[in-house]
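Raw work_15.cif, mmCIF, C-alpha atoms:
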data_model
loop_
_atom_site.group_PDB
_atom_site.id
_atom_site.type_symbol
_atom_site.label_atom_id
_atom_site.label_comp_id
_atom_site.auth_asym_id
_atom_site.auth_seq_id
_atom_site.Cartn_x
_atom_site.Cartn_y
_atom_site.Cartn_z
ATOM 1 C CA MET A 1 51.372 -21.010 16.848
ATOM 2 C CA SER A 2 51.073 -24.360 18.531
ATOM 3 C CA ASP A 3 48.001 -26.570 18.313
ATOM 4 C CA PHE A 4 47.281 -25.791 21.910
ATOM 5 C CA GLU A 5 46.818 -22.109 21.174
ATOM 6 C CA HIS A 6 44.390 -22.867 18.369
ATOM 7 C CA ARG A 7 42.127 -24.987 20.529
ATOM 8 C CA PRO A 8 39.260 -23.124 22.221
ATOM 9 C CA LEU A 9 39.764 -22.968 25.956
ATOM 10 C CA LEU A 10 36.935 -25.297 26.763
ATOM 11 C CA ASP A 11 36.614 -27.839 29.480
ATOM 12 C CA GLU A 12 33.638 -30.201 29.333
ATOM 13 C CA ASP A 13 32.954 -29.929 33.040
ATOM 14 C CA ALA A 14 33.900 -26.377 33.772
ATOM 15 C CA GLY A 15 32.679 -24.761 30.528
ATOM 16 C CA PRO A 16 34.593 -21.962 28.848
ATOM 17 C CA LEU A 17 37.691 -20.936 30.752
ATOM 18 C CA VAL A 18 37.652 -17.431 29.337
ATOM 19 C CA ARG A 19 34.884 -15.103 30.409
ATOM 20 C CA PRO A 20 32.704 -14.378 27.372
ATOM 21 C CA TYR A 21 33.173 -10.632 27.323
ATOM 22 C CA THR A 22 36.973 -10.959 27.403
ATOM 23 C CA VAL A 23 36.906 -11.691 23.681
ATOM 24 C CA SER A 24 35.103 -8.428 23.035
ATOM 25 C CA ASN A 25 37.477 -6.494 25.325
ATOM 26 C CA GLY A 26 34.549 -5.909 27.632
ATOM 27 C CA ARG A 27 32.587 -4.104 24.945
ATOM 28 C CA THR A 28 28.831 -4.640 24.913
ATOM 29 C CA ALA A 29 27.901 -2.032 22.290
ATOM 30 C CA PRO A 30 28.416 -3.233 18.721
ATOM 31 C CA THR A 31 29.144 -0.496 16.176
ATOM 32 C CA ALA A 32 26.924 -2.089 13.526
ATOM 33 C CA LYS A 33 23.197 -2.530 14.048
ATOM 34 C CA LEU A 34 22.739 -6.276 14.258
ATOM 35 C CA ASP A 35 20.015 -8.467 15.666
ATOM 36 C CA LEU A 36 19.782 -12.243 16.091
ATOM 37 C CA LEU A 37 18.555 -12.700 12.545
ATOM 38 C CA SER A 38 20.930 -10.308 10.795
ATOM 39 C CA LEU A 39 22.692 -12.259 8.068
ATOM 40 C CA VAL A 40 26.401 -11.827 7.454
ATOM 41 C CA ARG A 41 28.749 -13.132 4.804
ATOM 42 C CA SER A 42 32.462 -12.717 4.253
ATOM 43 C CA THR A 43 33.550 -10.403 1.454
ATOM 44 C CA GLY A 44 36.743 -12.323 0.818
ATOM 45 C CA GLN A 45 38.737 -9.150 1.415
ATOM 46 C CA LEU A 46 40.358 -10.545 4.559
ATOM 47 C CA ARG A 47 41.490 -14.073 5.302
ATOM 48 C CA PRO A 48 40.828 -15.664 8.702
ATOM 49 C CA SER A 49 44.611 -16.104 9.066
ATOM 50 C CA GLN A 50 44.961 -12.319 9.089
ATOM 51 C CA LEU A 51 42.790 -12.121 12.212
ATOM 52 C CA GLU A 52 43.072 -13.380 15.749
ATOM 53 C CA ASN A 53 41.245 -16.176 17.554
ATOM 54 C CA GLU A 54 37.518 -15.499 17.820
ATOM 55 C CA HIS A 55 37.454 -12.989 14.992
ATOM 56 C CA ALA A 56 39.073 -15.586 12.749
ATOM 57 C CA GLU A 57 36.684 -18.312 13.912
ATOM 58 C CA ALA A 58 33.693 -16.059 13.279
ATOM 59 C CA LEU A 59 34.973 -15.153 9.814
ATOM 60 C CA LEU A 60 35.454 -18.834 8.972
ATOM 61 C CA LEU A 61 31.743 -19.412 9.647
ATOM 62 C CA CYS A 62 30.747 -16.590 7.306
ATOM 63 C CA HIS A 63 31.761 -18.151 3.987
ATOM 64 C CA GLU A 64 28.047 -18.818 3.451
ATOM 65 C CA PRO A 65 25.317 -16.407 4.579
ATOM 66 C CA ILE A 66 24.785 -17.052 8.287
ATOM 67 C CA SER A 67 22.806 -15.393 11.049
ATOM 68 C CA VAL A 68 24.149 -13.772 14.204
ATOM 69 C CA ALA A 69 22.230 -16.439 16.162
ATOM 70 C CA GLU A 70 24.039 -19.270 14.353
ATOM 71 C CA VAL A 71 27.502 -17.745 14.812
ATOM 72 C CA SER A 72 26.663 -17.329 18.500
ATOM 73 C CA ALA A 73 25.576 -20.964 18.801
ATOM 74 C CA HIS A 74 28.582 -22.371 16.934
ATOM 75 C CA LEU A 75 31.141 -20.333 18.894
ATOM 76 C CA ARG A 76 29.237 -20.880 22.157
ATOM 77 C CA LEU A 77 29.356 -17.196 22.971
ATOM 78 C CA PRO A 78 26.437 -14.913 23.935
ATOM 79 C CA ALA A 79 24.765 -13.118 21.036
ATOM 80 C CA MET A 80 25.873 -9.741 22.410
ATOM 81 C CA VAL A 81 29.543 -10.750 22.204
ATOM 82 C CA ILE A 82 29.040 -12.049 18.664
ATOM 83 C CA LYS A 83 27.418 -8.769 17.630
ATOM 84 C CA VAL A 84 30.567 -6.935 18.792
ATOM 85 C CA LEU A 85 32.871 -9.393 16.998
ATOM 86 C CA LEU A 86 30.868 -9.260 13.788
ATOM 87 C CA SER A 87 30.632 -5.486 13.751
ATOM 88 C CA ASP A 88 34.443 -5.403 14.089
ATOM 89 C CA LEU A 89 34.517 -7.577 10.967
ATOM 90 C CA VAL A 90 32.048 -5.246 9.216
ATOM 91 C CA ASP A 91 34.181 -2.247 10.158
ATOM 92 C CA CYS A 92 37.323 -3.746 8.631
ATOM 93 C CA GLY A 93 35.504 -4.850 5.489
ATOM 94 C CA ALA A 94 35.826 -8.577 6.150
ATOM 95 C CA VAL A 95 32.064 -9.237 6.159
ATOM 96 C CA ILE A 96 28.917 -7.552 4.938
ATOM 97 C CA ALA A 97 25.755 -7.567 7.012
ATOM 98 C CA HIS A 98 22.075 -6.976 6.547
ATOM 99 C CA ALA A 99 20.985 -4.203 8.822
ATOM 100 C CA PRO A 100 17.904 -5.349 10.764
ATOM 101 C CA ASP A 101 16.140 -2.146 9.697
ATOM 102 C CA PRO A 102 14.046 -1.894 7.711
ATOM 103 C CA ALA A 103 12.642 -5.196 8.902
ATOM 104 C CA VAL A 104 11.188 -7.548 6.302
ATOM 105 C CA ASP A 105 7.521 -6.770 5.844
ATOM 106 C CA PRO A 106 5.526 -9.781 7.171
ATOM 107 C CA THR A 107 2.807 -9.015 4.613
ATOM 108 C CA ASP A 108 5.218 -9.012 1.645
ATOM 109 C CA LYS A 109 3.514 -11.287 -0.893
ATOM 110 C CA SER A 110 6.677 -12.439 -2.673
ATOM 111 C CA VAL A 111 8.378 -13.370 0.605
ATOM 112 C CA LEU A 112 5.286 -15.255 1.814
ATOM 113 C CA GLU A 113 5.148 -17.136 -1.480
ATOM 114 C CA ALA A 114 8.822 -18.085 -1.156
ATOM 115 C CA LEU A 115 8.046 -19.321 2.373
ATOM 116 C CA LEU A 116 5.083 -21.417 1.197
ATOM 117 C CA ASN A 117 6.926 -22.881 -1.802
ATOM 118 C CA GLY A 118 10.023 -23.653 0.251
ATOM 119 C CA LEU A 119 7.957 -25.464 2.905
ATOM 120 C CA GLN A 120 5.861 -27.411 0.396
ATOM 121 C CA ARG A 121 9.002 -28.665 -1.314
ATOM 122 C CA ARG A 122 9.900 -30.387 1.949
ATOM 123 C CA LEU A 123 6.672 -32.365 2.181
ATOM 124 C CA MET B 1 44.935 -5.698 8.767
ATOM 125 C CA ALA B 2 44.751 -2.102 7.665
ATOM 126 C CA TYR B 3 42.300 -2.763 4.898
ATOM 127 C CA ASN B 4 39.838 -0.121 3.869
ATOM 128 C CA GLY B 5 36.470 -1.670 3.093
ATOM 129 C CA ASP B 6 35.403 -0.795 -0.425
ATOM 130 C CA SER B 7 32.174 0.952 0.495
ATOM 131 C CA ASP B 8 31.193 1.504 -3.142
ATOM 132 C CA ARG B 9 30.616 -2.193 -3.590
ATOM 133 C CA SER B 10 28.644 -2.882 -0.466
ATOM 134 C CA PRO B 11 25.109 -1.903 -1.631
ATOM 135 C CA ALA B 12 25.224 -4.391 -4.499
ATOM 136 C CA GLN B 13 26.709 -7.071 -2.267
ATOM 137 C CA GLN B 14 24.184 -6.370 0.461
ATOM 138 C CA SER B 15 21.289 -7.013 -1.896
ATOM 139 C CA ALA B 16 22.861 -10.396 -2.632
ATOM 140 C CA LEU B 17 22.380 -11.551 0.962
ATOM 141 C CA PRO B 18 19.317 -13.752 1.482
ATOM 142 C CA THR B 19 16.251 -12.592 3.381
ATOM 143 C CA ALA B 20 15.804 -14.074 6.857
ATOM 144 C CA ILE B 21 12.250 -14.959 7.867
ATOM 145 C CA LYS B 22 11.439 -15.462 11.539
ATOM 146 C CA LEU B 23 8.645 -17.672 12.839
ATOM 147 C CA LEU B 24 8.029 -18.448 16.504
ATOM 148 C CA VAL B 25 6.947 -21.619 18.249
ATOM 149 C CA ALA B 26 5.303 -20.810 21.557
ATOM 150 C CA GLY B 27 3.394 -22.685 24.227
ATOM 151 C CA GLY B 28 3.703 -23.940 27.749
ATOM 152 C CA PHE B 29 6.654 -25.731 29.300
ATOM 153 C CA GLY B 30 7.037 -29.303 28.023
ATOM 154 C CA VAL B 31 4.484 -28.981 25.217
ATOM 155 C CA GLY B 32 7.017 -30.022 22.580
ATOM 156 C CA LYS B 33 8.398 -26.735 21.212
ATOM 157 C CA THR B 34 11.976 -27.996 20.941
ATOM 158 C CA THR B 35 10.746 -31.295 19.481
ATOM 159 C CA PHE B 36 8.773 -29.379 16.876
ATOM 160 C CA VAL B 37 11.751 -27.178 15.935
ATOM 161 C CA ALA B 38 13.994 -30.260 15.703
ATOM 162 C CA ALA B 39 11.491 -32.066 13.454
ATOM 163 C CA VAL B 40 11.388 -29.357 10.800
ATOM 164 C CA SER B 41 14.921 -27.967 11.020
ATOM 165 C CA GLU B 42 17.551 -28.933 8.432
ATOM 166 C CA ILE B 43 20.236 -28.585 11.111
ATOM 167 C CA GLU B 44 20.444 -29.901 14.645
ATOM 168 C CA PRO B 45 18.630 -27.241 16.704
ATOM 169 C CA LEU B 46 21.067 -24.644 18.019
ATOM 170 C CA SER B 47 20.974 -22.582 21.155
ATOM 171 C CA THR B 48 21.995 -18.977 21.666
ATOM 172 C CA GLU B 49 22.041 -16.710 24.672
ATOM 173 C CA GLU B 50 20.568 -13.288 24.145
ATOM 174 C CA THR B 51 20.675 -10.381 26.519
ATOM 175 C CA ILE B 52 17.272 -8.820 26.953
ATOM 176 C CA THR B 53 16.603 -5.352 28.255
ATOM 177 C CA THR B 54 13.468 -4.858 30.246
ATOM 178 C CA ALA B 55 11.985 -2.249 32.519
ATOM 179 C CA SER B 56 12.859 -3.100 36.082
ATOM 180 C CA ILE B 57 10.094 -4.437 38.252
ATOM 181 C CA GLY B 58 9.594 -3.287 41.809
ATOM 182 C CA VAL B 59 10.319 -0.099 43.696
ATOM 183 C CA ASP B 60 13.962 -0.485 44.694
ATOM 184 C CA ASP B 61 15.211 1.590 41.789
ATOM 185 C CA LEU B 62 18.608 3.137 42.352
ATOM 186 C CA THR B 63 18.328 6.733 41.230
ATOM 187 C CA GLY B 64 20.693 7.497 38.395
ATOM 188 C CA VAL B 65 21.124 3.894 37.433
ATOM 189 C CA GLY B 66 18.101 4.051 35.169
ATOM 190 C CA ASP B 67 15.076 1.856 35.039
ATOM 191 C CA LYS B 68 16.416 -0.804 32.702
ATOM 192 C CA VAL B 69 17.658 -4.216 33.751
ATOM 193 C CA THR B 70 19.093 -6.911 31.541
ATOM 194 C CA THR B 71 18.417 -10.633 31.652
ATOM 195 C CA THR B 72 20.034 -13.428 29.717
ATOM 196 C CA VAL B 73 17.747 -16.002 28.147
ATOM 197 C CA ALA B 74 18.581 -19.123 26.181
ATOM 198 C CA LEU B 75 16.777 -19.546 22.861
ATOM 199 C CA ASP B 76 16.597 -22.717 20.775
ATOM 200 C CA PHE B 77 16.231 -22.335 17.044
ATOM 201 C CA GLY B 78 16.307 -24.238 13.789
ATOM 202 C CA ARG B 79 16.843 -23.313 10.169
ATOM 203 C CA ILE B 80 15.279 -24.173 6.824
ATOM 204 C CA THR B 81 16.859 -22.930 3.605
ATOM 205 C CA LEU B 82 13.767 -22.190 1.507
ATOM 206 C CA ASP B 83 15.634 -21.161 -1.652
ATOM 207 C CA PRO B 84 18.883 -19.286 -2.365
ATOM 208 C CA GLU B 85 17.220 -15.965 -1.441
ATOM 209 C CA HIS B 86 15.209 -16.959 1.642
ATOM 210 C CA ILE B 87 16.145 -18.633 4.915
ATOM 211 C CA LEU B 88 13.555 -19.496 7.551
ATOM 212 C CA TYR B 89 14.552 -19.381 11.210
ATOM 213 C CA LEU B 90 12.251 -20.993 13.714
ATOM 214 C CA PHE B 91 12.631 -19.828 17.312
ATOM 215 C CA GLY B 92 11.202 -21.607 20.317
ATOM 216 C CA THR B 93 10.062 -19.155 22.958
ATOM 217 C CA PRO B 94 11.219 -19.770 26.508
ATOM 218 C CA GLY B 95 8.410 -21.639 28.205
ATOM 219 C CA GLN B 96 8.678 -20.169 31.657
ATOM 220 C CA ASP B 97 6.193 -17.397 32.333
ATOM 221 C CA ARG B 98 8.763 -15.298 34.127
ATOM 222 C CA PHE B 99 10.334 -14.591 30.752
ATOM 223 C CA TRP B 100 7.176 -13.120 29.277
ATOM 224 C CA PHE B 101 8.760 -9.660 29.194
ATOM 225 C CA MET B 102 11.340 -10.694 26.655
ATOM 226 C CA TRP B 103 8.844 -11.857 24.098
ATOM 227 C CA ASN B 104 8.550 -8.288 22.792
ATOM 228 C CA GLU B 105 12.080 -8.416 21.507
ATOM 229 C CA LEU B 106 11.706 -11.975 20.304
ATOM 230 C CA SER B 107 8.502 -11.226 18.427
ATOM 231 C CA ASP B 108 9.838 -8.050 16.801
ATOM 232 C CA GLY B 109 10.048 -8.790 13.098
ATOM 233 C CA ALA B 110 8.427 -12.218 13.435
ATOM 234 C CA PHE B 111 6.121 -13.126 10.560
ATOM 235 C CA GLY B 112 3.894 -15.223 12.766
ATOM 236 C CA ALA B 113 3.715 -17.889 15.431
ATOM 237 C CA VAL B 114 2.591 -21.432 16.098
ATOM 238 C CA VAL B 115 1.079 -21.816 19.555
ATOM 239 C CA LEU B 116 1.486 -25.441 20.567
ATOM 240 C CA ALA B 117 -1.204 -26.763 22.872
ATOM 241 C CA ASP B 118 -1.413 -29.902 24.979
ATOM 242 C CA THR B 119 -5.018 -30.953 25.646
ATOM 243 C CA ARG B 120 -4.009 -32.240 29.091
ATOM 244 C CA ARG B 121 -2.915 -28.734 30.063
ATOM 245 C CA LEU B 122 -4.669 -26.346 27.718
ATOM 246 C CA GLU B 123 -4.339 -23.434 30.113
ATOM 247 C CA ASP B 124 -0.544 -23.493 29.675
ATOM 248 C CA CYS B 125 -0.868 -21.822 26.291
ATOM 249 C CA PHE B 126 -3.088 -18.972 27.497
ATOM 250 C CA PRO B 127 -0.173 -16.553 28.119
ATOM 251 C CA ALA B 128 1.068 -17.090 24.551
ATOM 252 C CA LEU B 129 -2.407 -16.529 23.078
ATOM 253 C CA ASP B 130 -2.889 -13.367 25.142
ATOM 254 C CA PHE B 131 0.507 -12.072 24.181
ATOM 255 C CA PHE B 132 0.175 -12.556 20.422
ATOM 256 C CA GLU B 133 -3.376 -11.178 20.398
ATOM 257 C CA ARG B 134 -2.192 -8.067 22.234
ATOM 258 C CA ARG B 135 0.844 -7.649 19.978
ATOM 259 C CA GLY B 136 -1.152 -8.190 16.816
ATOM 260 C CA THR B 137 1.171 -11.042 15.823
ATOM 261 C CA GLN B 138 -0.574 -13.528 13.522
ATOM 262 C CA PHE B 139 -0.714 -17.067 14.909
ATOM 263 C CA ILE B 140 -2.342 -20.458 14.581
ATOM 264 C CA VAL B 141 -2.893 -23.130 17.248
ATOM 265 C CA ALA B 142 -1.447 -26.610 16.778
ATOM 266 C CA VAL B 143 -2.591 -29.305 19.177
ATOM 267 C CA ASN B 144 0.327 -31.646 19.812
ATOM 268 C CA GLU B 145 -1.324 -35.030 20.136
ATOM 269 C CA PHE B 146 0.304 -36.894 22.972
ATOM 270 C CA GLU B 147 -0.498 -40.584 23.081
ATOM 271 C CA THR B 148 -1.711 -40.331 26.650
ATOM 272 C CA GLY B 149 -3.885 -37.318 25.952
ATOM 273 C CA PHE B 150 -7.588 -37.491 25.219
ATOM 274 C CA HIS B 151 -8.432 -36.634 21.618
ATOM 275 C CA TYR B 152 -10.517 -33.510 21.225
ATOM 276 C CA GLU B 153 -11.910 -32.171 17.988
ATOM 277 C CA PRO B 154 -10.454 -28.817 16.874
ATOM 278 C CA ASP B 155 -13.815 -27.126 17.480
ATOM 279 C CA GLU B 156 -13.829 -28.317 21.090
ATOM 280 C CA VAL B 157 -10.350 -26.867 21.559
ATOM 281 C CA ARG B 158 -11.469 -23.642 19.874
ATOM 282 C CA ALA B 159 -14.333 -23.314 22.314
ATOM 283 C CA ALA B 160 -12.089 -24.093 25.274
ATOM 284 C CA LEU B 161 -9.556 -21.459 24.171
ATOM 285 C CA ASP B 162 -12.232 -18.944 23.180
ATOM 286 C CA LEU B 163 -10.456 -18.479 19.846
ATOM 287 C CA LYS B 164 -11.792 -16.316 17.054
ATOM 288 C CA PRO B 165 -13.233 -18.341 14.148
ATOM 289 C CA ASN B 166 -10.633 -17.047 11.671
ATOM 290 C CA ILE B 167 -7.688 -18.503 13.612
ATOM 291 C CA PRO B 168 -6.846 -22.000 12.300
ATOM 292 C CA ILE B 169 -6.514 -24.933 14.702
ATOM 293 C CA VAL B 170 -4.725 -28.053 13.518
ATOM 294 C CA CYS B 171 -3.658 -31.308 15.140
ATOM 295 C CA CYS B 172 -0.079 -32.457 14.773
ATOM 296 C CA ASP B 173 2.591 -34.836 15.928
ATOM 297 C CA ALA B 174 5.486 -32.550 16.818
ATOM 298 C CA ARG B 175 7.962 -35.433 16.408
ATOM 299 C CA ASP B 176 7.020 -36.006 12.761
ATOM 300 C CA PRO B 177 8.792 -33.748 10.222
ATOM 301 C CA ARG B 178 5.939 -33.939 7.716
ATOM 302 C CA SER B 179 3.269 -33.233 10.317
ATOM 303 C CA ALA B 180 5.221 -30.306 11.771
ATOM 304 C CA THR B 181 5.979 -28.909 8.307
ATOM 305 C CA LEU B 182 2.261 -29.061 7.473
ATOM 306 C CA VAL B 183 1.613 -26.903 10.543
ATOM 307 C CA LEU B 184 4.014 -24.307 9.122
ATOM 308 C CA VAL B 185 2.255 -24.509 5.739
ATOM 309 C CA THR B 186 -1.070 -23.818 7.489
ATOM 310 C CA LEU B 187 0.491 -20.872 9.312
ATOM 311 C CA THR B 188 1.896 -19.477 6.045
ATOM 312 C CA LYS B 189 -1.483 -19.738 4.315
ATOM 313 C CA HIS B 190 -3.039 -17.960 7.287
ATOM 314 C CA LEU B 191 -0.403 -15.206 6.991
ATOM 315 C CA MET B 192 -1.184 -14.867 3.279
ATOM 316 C CA SER B 193 -4.900 -14.483 3.820
ATOM 317 C CA ALA B 194 -4.303 -12.050 6.690
ATOM 318 C CA ALA B 195 -1.984 -10.023 4.447
ATOM 319 C CA ALA B 196 -4.517 -10.053 1.616
ATOM 320 C CA SER B 197 -7.345 -8.891 3.871
ATOM 321 C CA SER B 198 -5.222 -6.077 5.331
ATOM 322 C CA VAL B 199 -4.709 -4.592 1.847
ATOM 323 C CA ARG B 200 -7.759 -2.602 1.006
#

Once more with this new file: its structure as structure tokens, please.
Amino acid sequence: MSDFEHRPLLDEDAGPLVRPYTVSNGRTAPTAKLDLLSLVRSTGQLRPSQLENEHAEALLLCHEPISVAEVSAHLRLPAMVIKVLLSDLVDCGAVIAHAPDPAVDPTDKSVLEALLNGLQRRL
Amino acid sequence: MAYNGDSDRSPAQQSALPTAIKLLVAGGFGVGKTTFVAAVSEIEPLSTEETITTASIGVDDLTGVGDKVTTTVALDFGRITLDPEHILYLFGTPGQDRFWFMWNELSDGAFGAVVLADTRRLEDCFPALDFFERRGTQFIVAVNEFETGFHYEPDEVRAALDLKPNIPIVCCDARDPRSATLVLVTLTKHLMSAAASSVR
């Protein structure tokens, strides 16, 4: 493939030249249950080079645990599109995801302590 | 790419993913929410567009189409890696009142919230206070001290906001990482005492 094909179709003035939902083939219903804060990480079972365009770009971002919101921001695509892309990657075994349910319990003492310790380390 | 995911391995791998913690920063337009998120975040604040479903408002419902409409809102957020097992995400709520209906989805799963207040326009944070009180979401109030604003003591702000005595009020400089992080520490301590008092 040429360099041109690898470059995202972006134009500073006009914005993306491909409509966002084109990359999800018009699908708006992800097969995996994901929310903005669902974390995903690649399993290493598929290489980005085995995938096409946005799927490959999304997989590249997943080498470390990353949230749906971050993938959406980095690829400049709406969260709903990213949820479809990422659930494709879950379905083919390329990434694992935290299901949003059951949600983390906001009164969980060990999680609150991790939050406090992590914040205090930054002071 | 006909690869069959090895489903036997996924439960163990899944437990190896960190836990994401969500906190919200709310308040009126221009009160410094994005500044606050930027001050504490370890990354440049990012922006995502989320599609929100809400009950349609008004009477011009097209029969058969259903009573749900979707709206796209832009959300700014930052990230703090607390330790290898815990990542904090800090979301700024959209400031415009017309987006109030999407806060339900945004606040789902949130541990708690910081309501930023500006003493020059205290009333701007009323919708956020009302919302979190109604939802039962734990929150604290942080007064962002603008140089041009008059300095009020926390108790004066408490009286003006008609806040319950158990809800902490702190002053902060939203531009200062240490000051903003201290606000989050205060919120976390409040969450801990609220959690402790809810366990009987």

What does the distance from atom CA of B:Thr71 to atom CA of A:Met80 come to in Å, to one decimal?
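Value for the atom CA of B:Thr71-atom CA of A:Met80 distance: 11.9 Å.
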
For the structure shown, which residues end up in the PyMOL selection byres ((chain B) within 6 of (chain A))? Put them as a VMD selection string, please?
chain B and resid 5 46 to 50 82 111 178 195

Pick out the residues sitting within 10 Å of B:Arg79, and hand them over as a PyMOL selection string; count only C-alpha atoms, and ignore anything fewer than 4 positions along from it in its own chain.
(chain A and resi 67+70) or (chain B and resi 20-22+37-38+40-46+87-91)

Emit as lines of an AutoDock Vina configuration file the padded axis-aligned box for all listed atoms of stretch 82-100 of chain A, 5 Å per side, with centre and edge lengths in Å to one decimal.
center_x = 27.6
center_y = -7.1
center_z = 11.9
size_x = 29.4
size_y = 19.8
size_z = 23.9

Leaving out B:Cys172 and any residue of its chain fewer than 5 positions from it, which residues lie within 9 Å of it when counting all atoms listed in the file, given as a list in words?
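Those residues are Ala142, Val143, Asn144, Glu145, Ser179, Ala180, Leu182 and Val183 of chain B.
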
What would the selection look like, as a count of residues only, if the PyMOL selection byres ((chain B and resi 157-164) around 12) were run on the coordinates I just shared?
37

Rounded to one decimal, what separation in Å do you get between atom CA of B:Thr181 and atom CA of A:Cys62?
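Interatomic distance here is 27.7 Å.
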
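Here atom CA of A:Leu34 and atom CA of A:Thr22 stand 19.9 Å from one another.
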